[in-house]
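K.L.:
Okay, so here is entry-v4.txt, and as you'll see once you scroll down, it has compact mmCIF, C-alpha atoms.
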# COMPACT_ATOMS: atom_id res chain seq x y z
CA MET A 1 -42.63 44.06 27.67
CA PHE A 2 -39.66 41.70 27.54
CA ASN A 3 -38.37 39.37 30.17
CA ASP A 4 -35.98 41.13 32.48
CA SER A 5 -33.16 38.70 31.79
CA PHE A 6 -33.11 39.66 28.15
CA ASP A 7 -31.36 42.79 27.11
CA THR A 8 -33.00 43.32 23.85
CA GLU A 9 -35.90 42.19 21.78
CA LYS A 10 -33.42 40.62 19.42
CA GLU A 11 -31.89 38.50 22.18
CA PHE A 12 -35.35 37.35 23.24
CA LEU A 13 -36.24 36.34 19.72
CA VAL A 14 -32.97 34.43 19.34
CA LYS A 15 -33.69 32.57 22.54
CA GLN A 16 -37.20 31.74 21.37
CA ILE A 17 -35.87 30.45 18.08
CA ALA A 18 -33.18 28.45 19.89
CA GLN A 19 -35.73 26.89 22.21
CA ARG A 20 -37.97 25.96 19.29
CA PHE A 21 -34.97 24.50 17.48
CA LEU A 22 -33.95 22.48 20.52
CA LEU A 23 -37.50 21.20 20.93
CA THR A 24 -37.69 20.28 17.28
CA SER A 25 -34.21 18.81 17.27
CA SER A 26 -35.09 16.68 20.31
CA ARG A 27 -37.96 15.23 18.33
CA LEU A 28 -35.66 14.81 15.36
CA THR A 29 -33.05 13.21 17.56
CA ALA A 30 -35.63 10.89 19.03
CA ALA A 31 -36.87 10.06 15.57
CA VAL A 32 -33.33 9.43 14.33
CA LEU A 33 -32.49 7.30 17.34
CA PHE A 34 -35.77 5.38 17.00
CA SER A 35 -35.10 4.82 13.31
CA ALA A 36 -31.66 3.53 14.16
CA ALA A 37 -33.11 1.31 16.86
CA VAL A 38 -35.75 -0.28 14.63
CA PRO A 39 -33.32 -2.34 12.58
CA ALA A 40 -31.44 -3.23 15.76
CA LEU A 41 -34.68 -4.32 17.43
CA ALA A 42 -35.73 -6.14 14.32
CA GLU A 43 -32.46 -8.01 14.29
CA MET A 44 -33.19 -9.25 17.79
CA LEU A 45 -36.33 -10.97 16.51
CA PRO A 46 -36.04 -14.24 14.61
CA SER A 47 -36.69 -13.65 10.96
CA GLY A 48 -36.56 -15.43 7.65
CA GLU A 49 -33.32 -13.59 6.84
CA GLU A 50 -31.66 -15.01 9.94
CA MET A 51 -32.39 -18.60 9.08
CA ASP A 52 -29.85 -20.49 7.10
CA SER A 53 -30.77 -21.54 3.59
CA ARG A 54 -31.12 -25.18 4.60
CA ARG A 55 -33.77 -24.34 7.17
CA ILE A 56 -35.60 -22.06 4.72
CA HIS A 57 -35.54 -24.92 2.23
CA GLU A 58 -37.02 -27.30 4.82
CA ILE A 59 -39.81 -24.93 5.78
CA THR A 60 -40.56 -24.26 2.13
CA ILE A 61 -40.88 -27.95 1.31
CA LEU A 62 -42.94 -28.78 4.39
CA CYS A 63 -45.35 -25.87 3.85
CA GLU A 64 -45.58 -26.51 0.14
CA GLN A 65 -46.56 -30.09 0.97
CA LEU A 66 -49.52 -28.70 2.93
CA TRP A 67 -50.94 -27.34 -0.33
CA MET A 68 -50.68 -30.85 -1.74
CA ASP A 69 -52.27 -32.39 1.36
CA TYR A 70 -55.09 -29.88 1.08
CA ALA A 71 -55.66 -30.76 -2.58
CA ILE A 72 -55.62 -34.54 -2.26
CA TYR A 73 -57.65 -34.68 0.98
CA ARG A 74 -60.19 -32.34 -0.61
CA ASP A 75 -60.43 -34.40 -3.77
CA HIS A 76 -60.55 -37.74 -1.93
CA LEU A 77 -63.01 -36.32 0.60
CA ASP A 78 -60.78 -37.42 3.50
CA ALA A 79 -62.38 -35.30 6.21
CA ASP A 80 -59.97 -36.21 9.02
CA GLY A 81 -56.88 -35.80 6.85
CA PHE A 82 -58.23 -32.48 5.58
CA ALA A 83 -58.96 -31.10 9.06
CA ASN A 84 -55.57 -32.28 10.31
CA THR A 85 -53.88 -30.16 7.66
CA PHE A 86 -55.00 -27.09 9.64
CA THR A 87 -54.11 -25.85 13.12
CA GLU A 88 -56.62 -26.38 15.97
CA ASP A 89 -58.17 -23.00 15.22
CA GLY A 90 -57.34 -23.13 11.53
CA GLN A 91 -59.52 -21.17 9.19
CA LEU A 92 -60.60 -21.87 5.62
CA ILE A 93 -62.25 -19.06 3.70
CA VAL A 94 -63.95 -20.21 0.51
CA GLY A 95 -66.96 -19.23 -1.53
CA SER A 96 -69.32 -21.14 0.75
CA GLY A 97 -68.14 -19.23 3.80
CA THR A 98 -65.57 -19.39 6.58
CA HIS A 99 -64.88 -22.72 8.25
CA THR A 100 -62.96 -22.56 11.52
CA GLY A 101 -61.64 -25.45 13.61
CA PRO A 102 -61.47 -29.22 13.04
CA ALA A 103 -65.21 -29.91 13.40
CA ALA A 104 -66.19 -27.26 10.87
CA LEU A 105 -63.45 -28.34 8.47
CA ARG A 106 -64.53 -31.98 8.69
CA LYS A 107 -68.11 -30.91 8.06
CA TYR A 108 -67.01 -28.90 5.05
CA ILE A 109 -65.68 -32.09 3.49
CA ARG A 110 -68.49 -34.39 4.70
CA ASP A 111 -71.11 -32.06 3.26
CA HIS A 112 -69.92 -33.09 -0.19
CA GLU A 113 -71.78 -36.02 -1.72
CA SER A 114 -70.13 -39.40 -1.14
CA PRO A 115 -68.55 -41.04 -3.03
CA GLY A 116 -67.29 -37.73 -4.25
CA PHE A 117 -67.67 -36.49 -7.76
CA ALA A 118 -64.38 -36.54 -9.61
CA HIS A 119 -62.54 -33.42 -8.57
CA MET A 120 -58.93 -32.39 -9.11
CA VAL A 121 -57.11 -29.49 -7.49
CA MET A 122 -54.00 -29.39 -9.62
CA ILE A 123 -51.46 -27.26 -7.76
CA THR A 124 -48.97 -25.57 -10.06
CA THR A 125 -46.95 -22.54 -8.95
CA THR A 126 -46.24 -22.29 -5.22
CA ASP A 127 -44.41 -19.57 -3.36
CA ILE A 128 -43.56 -19.94 0.33
CA THR A 129 -42.00 -17.18 2.42
CA PRO A 130 -40.73 -18.26 5.86
CA LEU A 131 -41.17 -15.37 8.28
CA SER A 132 -39.58 -17.06 11.26
CA GLU A 133 -38.86 -20.53 12.65
CA THR A 134 -42.57 -20.94 13.34
CA ARG A 135 -44.42 -18.85 10.77
CA ALA A 136 -44.61 -18.69 7.01
CA VAL A 137 -46.94 -17.37 4.35
CA GLY A 138 -47.53 -18.58 0.84
CA THR A 139 -49.39 -18.26 -2.41
CA ALA A 140 -50.31 -21.04 -4.82
CA TYR A 141 -52.04 -21.38 -8.14
CA ALA A 142 -54.19 -24.34 -9.09
CA LEU A 143 -56.15 -25.54 -12.05
CA VAL A 144 -59.37 -27.12 -10.84
CA ASN A 145 -61.60 -29.61 -12.58
CA GLY A 146 -64.93 -30.68 -11.16
CA SER A 147 -67.65 -32.99 -12.41
CA ASP A 148 -71.06 -34.38 -11.68
CA ARG A 149 -70.19 -38.03 -11.13
CA HIS A 150 -67.76 -40.29 -9.36
CA VAL A 151 -64.99 -42.06 -11.28
CA GLY A 152 -63.97 -45.27 -9.55
CA GLN A 153 -61.32 -47.80 -10.53
CA GLY A 154 -62.21 -49.10 -13.98
CA ASP A 155 -64.90 -46.46 -14.63
CA ALA A 156 -64.83 -44.50 -17.87
CA PRO A 157 -63.26 -41.06 -17.50
CA ILE A 158 -65.45 -37.97 -17.65
CA GLN A 159 -65.40 -36.30 -21.01
CA SER A 160 -64.56 -32.65 -20.67
CA GLN A 161 -63.29 -30.05 -23.08
CA HIS A 162 -62.06 -27.52 -20.61
CA ILE A 163 -60.38 -26.91 -17.32
CA GLY A 164 -63.00 -25.74 -14.86
CA ALA A 165 -61.17 -22.92 -13.14
CA ALA A 166 -57.85 -21.40 -12.17
CA ASN A 167 -57.65 -20.27 -8.55
CA GLU A 168 -55.19 -18.37 -6.42
CA TYR A 169 -54.72 -19.56 -2.83
CA TYR A 170 -53.25 -17.60 0.03
CA ALA A 171 -52.18 -19.28 3.28
CA GLU A 172 -50.57 -18.60 6.60
CA PHE A 173 -48.63 -21.50 8.07
CA GLU A 174 -47.63 -22.24 11.65
CA GLN A 175 -45.25 -24.69 13.23
CA THR A 176 -47.12 -26.71 15.87
CA ASP A 177 -46.20 -29.63 18.12
CA GLU A 178 -47.41 -31.88 15.29
CA GLY A 179 -45.43 -30.13 12.59
CA TRP A 180 -46.36 -27.41 10.15
CA LYS A 181 -50.06 -26.68 9.66
CA ILE A 182 -52.24 -24.21 7.80
CA ALA A 183 -53.45 -21.50 10.18
CA LYS A 184 -55.49 -19.62 7.63
CA MET A 185 -56.26 -20.15 4.01
CA SER A 186 -58.36 -18.34 1.47
CA LEU A 187 -58.85 -18.63 -2.23
CA ARG A 188 -60.15 -16.55 -5.05
CA GLY A 189 -61.16 -17.60 -8.51
CA VAL A 190 -59.07 -15.98 -11.20
CA PHE A 191 -60.32 -17.72 -14.32
CA SER A 192 -63.41 -19.78 -14.92
CA GLY A 193 -63.73 -22.15 -17.85
CA PRO A 194 -66.84 -22.37 -20.00
CA ARG A 195 -69.38 -25.03 -19.08
CA ASP A 196 -69.24 -28.08 -21.31
CA MET B 1 -56.50 -69.51 35.21
CA ARG B 2 -52.98 -70.58 34.43
CA ILE B 3 -53.82 -70.95 30.72
CA ARG B 4 -55.24 -67.45 30.70
CA ALA B 5 -52.07 -66.09 32.31
CA ASN B 6 -49.96 -67.85 29.67
CA VAL B 7 -52.08 -66.42 26.89
CA ASN B 8 -51.70 -62.93 28.32
CA LYS B 9 -47.97 -63.47 28.67
CA SER B 10 -47.75 -64.66 25.07
CA LEU B 11 -49.64 -61.61 23.89
CA TRP B 12 -47.27 -59.32 25.76
CA VAL B 13 -44.23 -61.16 24.36
CA ALA B 14 -45.67 -60.90 20.86
CA LEU B 15 -46.36 -57.20 21.32
CA LEU B 16 -42.87 -56.52 22.64
CA ALA B 17 -41.35 -58.52 19.79
CA LEU B 18 -43.43 -56.53 17.31
CA LEU B 19 -42.19 -53.28 18.80
CA ALA B 20 -38.61 -54.50 18.95
CA PHE B 21 -38.48 -55.70 15.36
CA SER B 22 -40.59 -52.98 13.81
CA PRO B 23 -38.72 -49.78 14.48
CA SER B 24 -40.27 -48.27 11.38
CA LEU B 25 -43.68 -48.24 13.09
CA PHE B 26 -42.73 -45.01 14.82
CA ALA B 27 -40.14 -43.83 12.37
CA VAL B 28 -42.23 -41.07 10.81
CA GLU B 29 -42.90 -39.40 14.14
CA GLU B 30 -39.24 -39.73 15.07
CA MET B 31 -38.02 -38.23 11.80
CA SER B 32 -36.52 -34.77 11.98
CA GLN B 33 -38.04 -32.01 9.88
CA GLU B 34 -34.90 -32.09 7.80
CA GLY B 35 -35.33 -35.83 7.16
CA LEU B 36 -38.98 -35.37 6.34
CA ALA B 37 -38.28 -32.49 3.97
CA ASN B 38 -35.54 -34.45 2.21
CA MET B 39 -37.83 -37.44 1.75
CA ILE B 40 -40.61 -35.28 0.32
CA ALA B 41 -38.19 -33.52 -2.03
CA ASP B 42 -36.68 -36.81 -3.23
CA CYS B 43 -40.04 -38.46 -3.84
CA LYS B 44 -41.31 -35.39 -5.68
CA GLN B 45 -38.20 -35.48 -7.81
CA LEU B 46 -39.06 -39.06 -8.76
CA GLU B 47 -42.36 -37.81 -10.14
CA TYR B 48 -40.57 -35.20 -12.23
CA ASP B 49 -38.01 -37.74 -13.44
CA TYR B 50 -40.83 -40.08 -14.39
CA ALA B 51 -42.53 -37.35 -16.45
CA THR B 52 -39.36 -36.05 -18.07
CA TYR B 53 -37.91 -39.40 -19.15
CA ARG B 54 -41.32 -40.51 -20.39
CA VAL B 55 -41.60 -37.43 -22.61
CA LYS B 56 -38.07 -37.91 -23.89
CA GLY B 57 -38.67 -41.57 -24.52
CA ASP B 58 -35.47 -42.36 -22.62
CA ALA B 59 -36.31 -46.00 -21.90
CA GLN B 60 -33.34 -46.80 -19.70
CA ALA B 61 -33.56 -43.68 -17.57
CA PHE B 62 -37.30 -44.12 -17.30
CA ALA B 63 -36.96 -47.75 -16.19
CA ASN B 64 -34.35 -46.66 -13.67
CA VAL B 65 -36.94 -44.53 -11.91
CA PHE B 66 -38.38 -47.85 -10.75
CA THR B 67 -36.87 -50.42 -8.42
CA GLU B 68 -35.28 -53.45 -10.04
CA GLU B 69 -38.56 -55.37 -9.66
CA GLY B 70 -40.77 -52.28 -9.87
CA GLU B 71 -44.35 -52.64 -11.06
CA TRP B 72 -45.93 -50.22 -13.52
CA GLY B 73 -49.68 -50.56 -14.01
CA ARG B 74 -51.00 -49.44 -17.37
CA SER B 75 -54.47 -48.09 -18.11
CA ASN B 76 -55.55 -51.34 -19.77
CA GLY B 77 -54.94 -53.27 -16.58
CA ARG B 78 -51.64 -54.72 -17.74
CA VAL B 79 -48.88 -54.58 -15.14
CA LEU B 80 -45.27 -54.42 -16.29
CA VAL B 81 -42.88 -55.93 -13.78
CA GLY B 82 -39.17 -55.13 -13.64
CA ARG B 83 -36.95 -52.54 -15.31
CA ALA B 84 -36.32 -54.69 -18.36
CA ALA B 85 -40.03 -55.06 -19.15
CA ILE B 86 -40.61 -51.34 -18.54
CA ALA B 87 -37.71 -50.33 -20.80
CA ASP B 88 -38.91 -52.73 -23.52
CA TYR B 89 -42.37 -51.18 -23.35
CA ILE B 90 -41.00 -47.64 -23.83
CA ASN B 91 -38.68 -48.73 -26.63
CA ALA B 92 -41.58 -50.40 -28.43
CA LEU B 93 -43.69 -47.24 -28.48
CA PRO B 94 -43.90 -45.43 -31.81
CA ALA B 95 -41.82 -42.31 -31.62
CA ARG B 96 -43.72 -39.31 -30.32
CA GLU B 97 -47.10 -40.91 -30.30
CA PRO B 98 -49.48 -38.76 -28.27
CA ASP B 99 -49.51 -41.33 -25.49
CA ALA B 100 -45.80 -40.79 -25.08
CA ASN B 101 -46.52 -37.46 -23.44
CA PRO B 102 -47.38 -37.91 -19.76
CA GLY B 103 -48.14 -34.24 -19.51
CA LEU B 104 -47.66 -31.65 -16.87
CA THR B 105 -47.08 -32.89 -13.35
CA THR B 106 -49.05 -30.74 -10.93
CA THR B 107 -50.07 -31.80 -7.41
CA VAL B 108 -47.69 -34.27 -5.75
CA LYS B 109 -48.65 -35.39 -2.26
CA VAL B 110 -46.04 -37.44 -0.42
CA THR B 111 -47.14 -39.48 2.58
CA PRO B 112 -44.19 -40.91 4.53
CA ILE B 113 -44.75 -44.43 5.84
CA ASP B 114 -41.41 -44.77 7.59
CA SER B 115 -37.89 -43.52 7.00
CA SER B 116 -37.47 -45.57 3.80
CA ASN B 117 -40.99 -45.91 2.40
CA ALA B 118 -43.57 -43.41 1.22
CA ASN B 119 -46.78 -43.25 -0.77
CA THR B 120 -47.37 -40.56 -3.35
CA VAL B 121 -50.44 -39.34 -5.15
CA SER B 122 -49.83 -37.13 -8.14
CA TYR B 123 -51.85 -35.43 -10.86
CA ALA B 124 -50.86 -34.91 -14.45
CA LEU B 125 -52.44 -32.97 -17.27
CA MET B 126 -51.72 -34.10 -20.78
CA PRO B 127 -52.20 -31.52 -23.53
CA ALA B 128 -54.08 -32.53 -26.63
CA SER B 129 -51.83 -31.29 -29.39
CA SER B 130 -51.96 -31.67 -33.11
CA GLY B 131 -49.28 -34.34 -32.86
CA ALA B 132 -47.00 -32.38 -35.11
CA ASP B 133 -43.26 -32.14 -34.63
CA LEU B 134 -42.86 -31.45 -30.94
CA ASP B 135 -39.71 -29.42 -31.53
CA ASP B 136 -42.01 -26.57 -32.48
CA PRO B 137 -44.90 -25.25 -30.45
CA VAL B 138 -48.15 -26.81 -31.51
CA TYR B 139 -51.68 -25.55 -31.31
CA LEU B 140 -53.09 -26.47 -27.94
CA ARG B 141 -56.66 -27.50 -28.53
CA ARG B 142 -57.57 -28.73 -25.09
CA PHE B 143 -56.33 -31.14 -22.49
CA HIS B 144 -56.30 -34.74 -23.59
CA ILE B 145 -56.48 -36.30 -20.15
CA ALA B 146 -56.18 -35.43 -16.50
CA SER B 147 -55.01 -38.41 -14.48
CA GLU B 148 -54.18 -39.46 -10.95
CA SER B 149 -51.21 -41.72 -10.22
CA ARG B 150 -50.59 -43.59 -7.01
CA SER B 151 -47.09 -44.80 -6.23
CA VAL B 152 -45.27 -46.67 -3.53
CA CYS B 153 -41.75 -45.27 -3.24
CA THR B 154 -38.89 -46.95 -1.45
CA LEU B 155 -35.35 -45.97 -0.53
CA THR B 156 -32.79 -48.26 -2.20
CA ASP B 157 -29.01 -48.31 -2.27
CA SER B 158 -29.19 -46.06 -5.33
CA GLY B 159 -31.72 -43.62 -3.92
CA TRP B 160 -35.48 -43.36 -3.93
CA LYS B 161 -37.29 -45.47 -6.52
CA ILE B 162 -40.86 -46.32 -7.44
CA ALA B 163 -41.71 -49.85 -6.30
CA LYS B 164 -45.25 -49.81 -7.59
CA ARG B 165 -47.31 -47.39 -9.63
CA GLU B 166 -50.84 -47.34 -11.00
CA TYR B 167 -53.04 -44.63 -12.37
CA SER B 168 -56.59 -43.65 -13.20
CA THR B 169 -57.75 -41.25 -15.86
CA LEU B 170 -60.41 -39.01 -14.38
CA PHE B 171 -61.02 -36.61 -17.24
CA THR B 172 -60.58 -37.01 -20.96
CA GLU B 173 -61.33 -34.94 -24.03
CA PRO B 174 -64.60 -35.70 -25.82
CA GLU B 175 -64.40 -38.41 -28.47
Produce structure tokens that represent the structure in this file.
P.N.:
Amino acid sequence: MFNDSFDTEKEFLVKQIAQRFLLTSSRLTAAVLFSAAVPALAEMLPSGEEMDSRRIHEITILCEQLWMDYAIYRDHLDADGFANTFTEDGQLIVGSGTHTGPAALRKYIRDHESPGFAHMVMITTTDITPLSETRAVGTAYALVNGSDRHVGQGDAPIQSQHIGAANEYYAEFEQTDEGWKIAKMSLRGVFSGPRD
Amino acid sequence: MRIRANVNKSLWVALLALLAFSPSLFAVEEMSQEGLANMIADCKQLEYDYATYRVKGDAQAFANVFTEEGEWGRSNGRVLVGRAAIADYINALPAREPDANPGLTTTVKVTPIDSSNANTVSYALMPASSGADLDDPVYLRRFHIASESRSVCTLTDSGWKIAKREYSTLFTEPE
């Protein structure tokens, strides 16, 4: 009943166990080697950790400024400036839907009544994480005040008791030939103020 | 025909002269990312200096945020010109009057014009407090105003300064 090359049942069982161990250990070895290789492979890729602090600082400032561009172009209803803040296939995901590409982003701004009602996206906390020389992600908070009329130079301010909302923004940034741009951005309302 | 050729020639000469003597026309595109980032950081810092010295009522430091002949437009349409006039204005304010608090600087957008000039747009929220001793926390009732400031910043021998500043109040607390 046993293989002829095995003298005893015991020897056969030992061989079986050894083979199973070797098979398992090969997998383990492969897993160990792969685990060891992952950090090595990861080190070959450019990462935020590899960049010197000066470069990280630069990327942080330039991406942070994109939040500010977004806010002011939105509030001033500057459609071209707003669209140019995003990459060619940049995506904005807001309550009204998803707007992708320059034409859709310009339309998003132009669909607002002109001259625009007084609107302020007041960016507060920002956090930018450079992932590589060409990619970064970030989160920002903003207090937002909207209104139902325009306030031009010399016009009386709008009387308001409350801040309209507090939002959280998430963005992915990319380095392009024209500098850093927003590749994707979404927002969610965190707090909403009472209506005056 | 000859006149037309001379006119064309003159236009070309004028264009070349404009390019030759206006290197700043293309300066922004030629700026390195490091230069751009430094400019943005410096101009943002001006906004924070403006707010901080205004709150502290430090007239000299506040005036020094401006260029020597800097212009500071007030809400009533009055424009203060020069550091001396700006410092005098701050010194003349009653101590800790509510207006002495420019509030919380939030959005600051810096738009480089060339390597030594930039425009900024910034927002500030000013809390409406009880006006009590500001060394202690005070009850925050609401925000007094939310305003937008527009500045022209320029690089001087002593760093970036505000050459001109004006602002509009967009939101205010109910009377």
K.L.:
Identify which of the residues B:Leu46, B:Ile40, B:Ile162, B:Met31 lies closest to chain A, counting all atoms listed in the file when measuring atom-to-atom distances.
P.N.:
B:Ile40
K.L.:
Could you please determine the separation between atom CA of B:Ala124 and atom CA of B:Ala51 in Å, to one decimal place?
P.N.:
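Taking atom CA of B:Ala124 and atom CA of B:Ala51, their separation equals 8.9 Å.
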K.L.:
Excluding B:His144 and any residue of its chain fewer than 3 positions from it, enumerate the residues within 7 Å of it, using all atoms listed in the file, and give them as an mmCIF file with C-alpha atoms, keeping the file's coordinate frame.
P.N.:
data_model
loop_
_atom_site.group_PDB
_atom_site.id
_atom_site.type_symbol
_atom_site.label_atom_id
_atom_site.label_comp_id
_atom_site.auth_asym_id
_atom_site.auth_seq_id
_atom_site.Cartn_x
_atom_site.Cartn_y
_atom_site.Cartn_z
ATOM 1 C CA MET B 126 -51.720 -34.100 -20.780
ATOM 2 C CA PRO B 127 -52.200 -31.520 -23.530
ATOM 3 C CA ALA B 128 -54.080 -32.530 -26.630
ATOM 4 C CA THR B 172 -60.580 -37.010 -20.960
ATOM 5 C CA GLU B 173 -61.330 -34.940 -24.030
#
K.L.:
For chain B, work out the contacting residues on chain A at 8 Å, counting only C-alpha atoms, and write them as a list in words.
P.N.:
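The selection requested is Arg55, Glu58, Ile59, Ile61, Leu62, Gln65, Met68, Asp69, Ala71, Ile72, Ala118, Met120, Val121, Met122, Ile123, Thr124, Val151, Gln153, Gly154, Ala156, Pro157, Ile158, Gln159, Ser160, Gln161, His162 and Ile163 of chain A.
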K.L.:
Go ahead and save the residues from that selection, with C-alpha atoms, as a short mmCIF file (atom, residue, chain, number, x, y, z; two decimals), in the frame of the given file.
P.N.:
data_model
loop_
_atom_site.label_atom_id
_atom_site.label_comp_id
_atom_site.auth_asym_id
_atom_site.auth_seq_id
_atom_site.Cartn_x
_atom_site.Cartn_y
_atom_site.Cartn_z
CA ARG A 55 -33.77 -24.34 7.17
CA GLU A 58 -37.02 -27.30 4.82
CA ILE A 59 -39.81 -24.93 5.78
CA ILE A 61 -40.88 -27.95 1.31
CA LEU A 62 -42.94 -28.78 4.39
CA GLN A 65 -46.56 -30.09 0.97
CA MET A 68 -50.68 -30.85 -1.74
CA ASP A 69 -52.27 -32.39 1.36
CA ALA A 71 -55.66 -30.76 -2.58
CA ILE A 72 -55.62 -34.54 -2.26
CA ALA A 118 -64.38 -36.54 -9.61
CA MET A 120 -58.93 -32.39 -9.11
CA VAL A 121 -57.11 -29.49 -7.49
CA MET A 122 -54.00 -29.39 -9.62
CA ILE A 123 -51.46 -27.26 -7.76
CA THR A 124 -48.97 -25.57 -10.06
CA VAL A 151 -64.99 -42.06 -11.28
CA GLN A 153 -61.32 -47.80 -10.53
CA GLY A 154 -62.21 -49.10 -13.98
CA ALA A 156 -64.83 -44.50 -17.87
CA PRO A 157 -63.26 -41.06 -17.50
CA ILE A 158 -65.45 -37.97 -17.65
CA GLN A 159 -65.40 -36.30 -21.01
CA SER A 160 -64.56 -32.65 -20.67
CA GLN A 161 -63.29 -30.05 -23.08
CA HIS A 162 -62.06 -27.52 -20.61
CA ILE A 163 -60.38 -26.91 -17.32
#
K.L.:
Quick one, how far is atom CA of A:Arg149 from atom CA of A:Leu105?
P.N.:
22.9 Å
K.L.:
Could you tell me which of B:Cys153, B:Cys43, B:Ile113, B:Ala61 comes closest to B:Arg83 if we count only C-alpha atoms?
P.N.:
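So, comparing all the options, the nearest one is B:Ala61.
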K.L.:
What separation in Å, quoted to one decimal, exists between atom CA of A:Ala103 and atom CA of A:Gly116?
P.N.:
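According to the coordinates, atom CA of A:Ala103 and atom CA of A:Gly116 are separated by 19.4 Å.
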K.L.:
For B:Ser158, which of B:Trp72, B:Tyr53, B:Tyr89, B:Phe66 is the closest residue, counting all atoms listed in the file?
P.N.:
B:Phe66
K.L.:
When you look at A:Arg110 with a cut-off of 9 Å (counting all atoms listed in the file), what residues show up, excluding the ones that are within fewer than 6 positions of it in the same chain? I need them as a list in words.
P.N.:
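The filter keeps Leu77, Asp78 and Ala79 of chain A.
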K.L.:
Put those residues in a file: C-alpha atoms, as a compact mmCIF listing (two decimals), in the coordinates of the input.
P.N.:
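Output saved as out.txt:
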# COMPACT_ATOMS: atom_id res chain seq x y z
CA LEU A 77 -63.01 -36.32 0.60
CA ASP A 78 -60.78 -37.42 3.50
CA ALA A 79 -62.38 -35.30 6.21
K.L.:
Box for stretch 78-97 of chain A: with edges along x, y and z, all listed atoms inside and 5 Å added on each side, what are the centre and edge lengths in Å to one decimal, as JSON?
P.N.:
{"center_x": -61.6, "center_y": -28.2, "center_z": 7.2, "size_x": 25.4, "size_y": 28.4, "size_z": 27.5}
K.L.:
Which residue is closest to A:Asp148? Choose from A:Ser114, A:Ser96, A:Asn84, A:Gln91 and count all atoms listed in the file.
P.N.:
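Going through A:Ser114, A:Ser96, A:Asn84, A:Gln91 one by one, the smallest distance to A:Asp148 is for A:Ser114.
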K.L.:
What lies within 12 Å of B:Ala85 using all atoms listed in the file, ignoring chain neighbours under 6 positions off, as a PyMOL selection string?
P.N.:
chain B and resi 59-60+62-64+66+68-73+78-79+91-92
K.L.:
Go ahead and dump the residues you just picked, C-alpha atoms, as a PDB file, in the coordinates of the input.
P.N.:
ATOM      1  CA  ALA B  59     -36.310 -46.000 -21.900  1.00  0.00           C
ATOM      2  CA  GLN B  60     -33.340 -46.800 -19.700  1.00  0.00           C
ATOM      3  CA  PHE B  62     -37.300 -44.120 -17.300  1.00  0.00           C
ATOM      4  CA  ALA B  63     -36.960 -47.750 -16.190  1.00  0.00           C
ATOM      5  CA  ASN B  64     -34.350 -46.660 -13.670  1.00  0.00           C
ATOM      6  CA  PHE B  66     -38.380 -47.850 -10.750  1.00  0.00           C
ATOM      7  CA  GLU B  68     -35.280 -53.450 -10.040  1.00  0.00           C
ATOM      8  CA  GLU B  69     -38.560 -55.370  -9.660  1.00  0.00           C
ATOM      9  CA  GLY B  70     -40.770 -52.280  -9.870  1.00  0.00           C
ATOM     10  CA  GLU B  71     -44.350 -52.640 -11.060  1.00  0.00           C
ATOM     11  CA  TRP B  72     -45.930 -50.220 -13.520  1.00  0.00           C
ATOM     12  CA  GLY B  73     -49.680 -50.560 -14.010  1.00  0.00           C
ATOM     13  CA  ARG B  78     -51.640 -54.720 -17.740  1.00  0.00           C
ATOM     14  CA  VAL B  79     -48.880 -54.580 -15.140  1.00  0.00           C
ATOM     15  CA  ASN B  91     -38.680 -48.730 -26.630  1.00  0.00           C
ATOM     16  CA  ALA B  92     -41.580 -50.400 -28.430  1.00  0.00           C
TER      17      ALA B  92
END
